[in-house]
Amino acid sequence: MSTATVTSEDYLGAIYRLRETPETPLPLSQLQEHFNFTRVSVHEMALKLAQCGWLTYYPYRGVTLTAEGERIAAALVRRHRLWERFLTDMLDLPWDEAHAIAERLEHAAPEAVTEKLAGLLGEPTSCPHGGPIPPALPAQPGVPLSAAGPGRTFAIVRIFPEVPETLHQLAVLGIGLHTAVQVRQQTPEATGIVLSDGREVTLPVAISATMWVTPA
């Protein structure tokens, strides 16, 4: 069995994060959009990973992880999200900086270090952005704030996908997990909200679509 490279781990981790269910093939177009790579390069990498035994490629449908690919991807995501917890909880770094740093640390930490880190943190089950830390199962994701009904109040339970620029903008606004927001208005371009301190904020749909909420 081949040893996964950083690039291979990045692809497997992306499939793990982006897929709807383990059994549903993830379209290659989503990987192309996620990495901003060409269709040809994504297709070639999918075939390479399939040859390594880490994913199954279904022509015109997409890819699913094999058992070994699942193991590699889950371990990567676990390392990433544990490092995010350490950086935010122990070092008090902003969640956007923690995400960027964890993307580098996720490839470097041995399993023994990862498990020591988990014990130090008290075995957390979710990252600072609400993503489950494997083997924890995903909680009910709610709905994107961009699809939430006006006039109701919601609590933010997850930010996904975790785009550093979006995380930074939300931090500047004082918006994080469990923040209560009242939806004031929805348009195709933006979501108007009212925060608990009375501030009215208009969020581009590119941001509000990444904010997953449940009724408060």
# chains A, B, ... in the order shown; residues from 1 in each chain; ligands from 1

$ residues_around --residues "Leu167 of chain A" --least-positions-apart "5" --cutoff "10 Å" --atoms "only C-alpha atoms" --output "MDAnalysis selection string"
chainID A and resid 94:97 99 129 159:162 172:173 175:176 207 210

$ write_last_selection --atoms "N, CA and C atoms" --output "tab-separated table (two decimals), in the first residue's frame"
chain	number	residue	atom	x	y	z
A	94	PRO	N	-7.33	33.65	17.00
A	94	PRO	CA	-8.61	33.80	16.29
A	94	PRO	C	-8.89	32.56	15.44
A	95	TRP	N	-10.16	32.24	15.23
A	95	TRP	CA	-10.50	30.99	14.57
A	95	TRP	C	-10.09	30.95	13.11
A	96	ASP	N	-9.91	32.10	12.46
A	96	ASP	CA	-9.44	32.07	11.07
A	96	ASP	C	-7.95	31.74	11.02
A	97	GLU	N	-7.18	32.30	11.94
A	97	GLU	CA	-5.74	31.99	12.00
A	97	GLU	C	-5.54	30.53	12.39
A	99	HIS	N	-7.44	28.03	11.79
A	99	HIS	CA	-7.76	27.17	10.64
A	99	HIS	C	-6.58	27.10	9.68
A	129	HIS	N	-15.35	25.65	14.73
A	129	HIS	CA	-16.33	26.07	13.73
A	129	HIS	C	-17.55	25.15	13.70
A	159	ILE	N	-19.96	26.68	10.92
A	159	ILE	CA	-19.52	27.45	9.76
A	159	ILE	C	-18.91	26.45	8.79
A	160	PHE	N	-19.51	26.32	7.61
A	160	PHE	CA	-19.00	25.40	6.61
A	160	PHE	C	-19.47	25.81	5.23
A	161	PRO	N	-18.58	25.83	4.24
A	161	PRO	CA	-17.16	25.54	4.34
A	161	PRO	C	-16.40	26.64	5.10
A	162	GLU	N	-15.23	26.26	5.61
A	162	GLU	CA	-14.45	27.15	6.47
A	162	GLU	C	-13.47	27.97	5.61
A	172	VAL	N	-14.55	39.74	13.08
A	172	VAL	CA	-14.55	41.21	13.20
A	172	VAL	C	-15.93	41.70	13.63
A	173	LEU	N	-16.97	41.03	13.16
A	173	LEU	CA	-18.34	41.42	13.52
A	173	LEU	C	-18.76	40.89	14.89
A	175	ILE	N	-19.25	37.68	15.54
A	175	ILE	CA	-20.17	36.57	15.29
A	175	ILE	C	-19.39	35.26	15.37
A	176	GLY	N	-19.87	34.33	16.21
A	176	GLY	CA	-19.22	33.04	16.36
A	176	GLY	C	-20.25	31.96	16.59
A	207	ILE	N	-21.41	34.61	2.35
A	207	ILE	CA	-21.09	34.39	3.77
A	207	ILE	C	-22.25	33.72	4.49
A	210	THR	N	-22.71	29.98	4.35
A	210	THR	CA	-21.78	29.11	5.09
A	210	THR	C	-22.12	29.02	6.57

$ residues_around --residues "segment 21-25 of chain A" --least-positions-apart "2" --cutoff "8 Å" --atoms "only C-alpha atoms" --output "PyMOL selection string"
chain A and resi 16+19+27+58+61-65

$ residues_around --residues "Met211 of chain A" --least-positions-apart "3" --cutoff "8 Å" --atoms "only C-alpha atoms" --output "list in words"
Pro144, Leu145, Ser146, Ile156, Val157, Arg158, Ile159, Phe160, Ile207 and Ser208 of chain A

$ atom_distance --atom1 "atom CA of His34 of chain A" --atom2 "atom CA of Pro124 of chain A"
26.9 Å

$ closest_residue --among "A:Ala216, A:Ala98, A:Thr166, A:Leu82" --to "Thr125 of chain A" --atoms "only C-alpha atoms"
A:Leu82

$ closest_residue --among "A:Ala148, A:Arg79, A:Leu31, A:Leu91" --to "Leu117 of chain A" --atoms "only C-alpha atoms"
A:Arg79

$ closest_residue --among "A:Ala171, A:Ala4, A:Val77, A:Val113" --to "Leu18 of chain A" --atoms "only C-alpha atoms"
A:Val77

$ select_by_dssp --residues "segment 34-149 of chain A" --states "strand (DSSP E or B)" --output "ChimeraX atom specification"
/A:55-58,62-65,126,132,143-144

$ residues_around --residues "Ala67 of chain A" --least-positions-apart "5" --cutoff "12 Å" --atoms "only C-alpha atoms" --output "JSON, numbers by chain"
{"A": [12, 16, 22, 23, 53, 54, 55, 56, 72, 73, 74]}

$ write_last_selection --atoms "N, CA and C atoms" --output "PDB file, in the first residue's frame"
ATOM      1  N   LEU A  12      -8.233  13.476  -0.206  1.00  0.00           N
ATOM      2  CA  LEU A  12      -9.065  12.564   0.592  1.00  0.00           C
ATOM      3  C   LEU A  12      -9.824  13.320   1.674  1.00  0.00           C
ATOM      4  N   TYR A  16     -13.930  13.752   2.161  1.00  0.00           N
ATOM      5  CA  TYR A  16     -14.545  13.443   3.459  1.00  0.00           C
ATOM      6  C   TYR A  16     -15.419  14.600   3.932  1.00  0.00           C
ATOM      7  N   PRO A  22     -21.310   8.971   3.082  1.00  0.00           N
ATOM      8  CA  PRO A  22     -20.193   8.135   2.633  1.00  0.00           C
ATOM      9  C   PRO A  22     -20.508   7.335   1.367  1.00  0.00           C
ATOM     10  N   GLU A  23     -21.785   7.026   1.158  1.00  0.00           N
ATOM     11  CA  GLU A  23     -22.163   6.186   0.021  1.00  0.00           C
ATOM     12  C   GLU A  23     -22.454   6.996  -1.246  1.00  0.00           C
ATOM     13  N   GLY A  53      -5.935   2.614  -4.266  1.00  0.00           N
ATOM     14  CA  GLY A  53      -6.900   1.901  -3.442  1.00  0.00           C
ATOM     15  C   GLY A  53      -7.585   2.744  -2.404  1.00  0.00           C
ATOM     16  N   TRP A  54      -7.539   4.085  -2.576  1.00  0.00           N
ATOM     17  CA  TRP A  54      -8.086   4.990  -1.567  1.00  0.00           C
ATOM     18  C   TRP A  54      -9.464   5.539  -1.918  1.00  0.00           C
ATOM     19  N   LEU A  55      -9.853   5.427  -3.160  1.00  0.00           N
ATOM     20  CA  LEU A  55     -11.206   5.844  -3.536  1.00  0.00           C
ATOM     21  C   LEU A  55     -11.697   5.005  -4.698  1.00  0.00           C
ATOM     22  N   THR A  56     -13.000   5.051  -4.893  1.00  0.00           N
ATOM     23  CA  THR A  56     -13.644   4.402  -6.035  1.00  0.00           C
ATOM     24  C   THR A  56     -14.168   5.484  -6.957  1.00  0.00           C
ATOM     25  N   ILE A  72      -7.618   7.184   6.252  1.00  0.00           N
ATOM     26  CA  ILE A  72      -6.649   8.269   6.066  1.00  0.00           C
ATOM     27  C   ILE A  72      -7.322   9.624   6.211  1.00  0.00           C
ATOM     28  N   ALA A  73      -8.488   9.780   5.577  1.00  0.00           N
ATOM     29  CA  ALA A  73      -9.188  11.068   5.595  1.00  0.00           C
ATOM     30  C   ALA A  73      -9.672  11.414   6.993  1.00  0.00           C
ATOM     31  N   ALA A  74     -10.246  10.434   7.693  1.00  0.00           N
ATOM     32  CA  ALA A  74     -10.764  10.693   9.047  1.00  0.00           C
ATOM     33  C   ALA A  74      -9.628  11.080   9.989  1.00  0.00           C
TER      34      ALA A  74
END

$ closest_residue --among "A:Ile133, A:Leu28, A:Leu49, A:Leu170" --to "Ala118 of chain A" --atoms "only C-alpha atoms"
A:Ile133

$ closest_residue --among "A:Leu26, A:Pro141, A:Leu93, A:Thr88" --to "Val213 of chain A" --atoms "only C-alpha atoms"
A:Pro141

$ residues_around --residues "Arg81 of chain A" --least-positions-apart "3" --cutoff "6 Å" --atoms "only C-alpha atoms" --output "JSON, numbers by chain"
{"A": [78, 84, 127]}

$ write_last_selection --atoms "C-alpha atoms" --output "PDB file, in the first residue's frame"
ATOM      1  CA  ARG A  78      -9.237  14.591  13.317  1.00  0.00           C
ATOM      2  CA  GLU A  84      -7.813  24.098  15.784  1.00  0.00           C
ATOM      3  CA  CYS A 127     -13.873  22.020  16.268  1.00  0.00           C
TER       4      CYS A 127
END

$ closest_residue --among "A:Arg184, A:Gln169, A:Ala206, A:Val6" --to "Leu105 of chain A" --atoms "only C-alpha atoms"
A:Val6

$ select_by_dssp --residues "segment 27-192 of chain A" --states "helix (DSSP H, G or I)" --output "ChimeraX atom specification"
/A:28-35,39-51,67-90,95-105,111-120,145-147,164-172
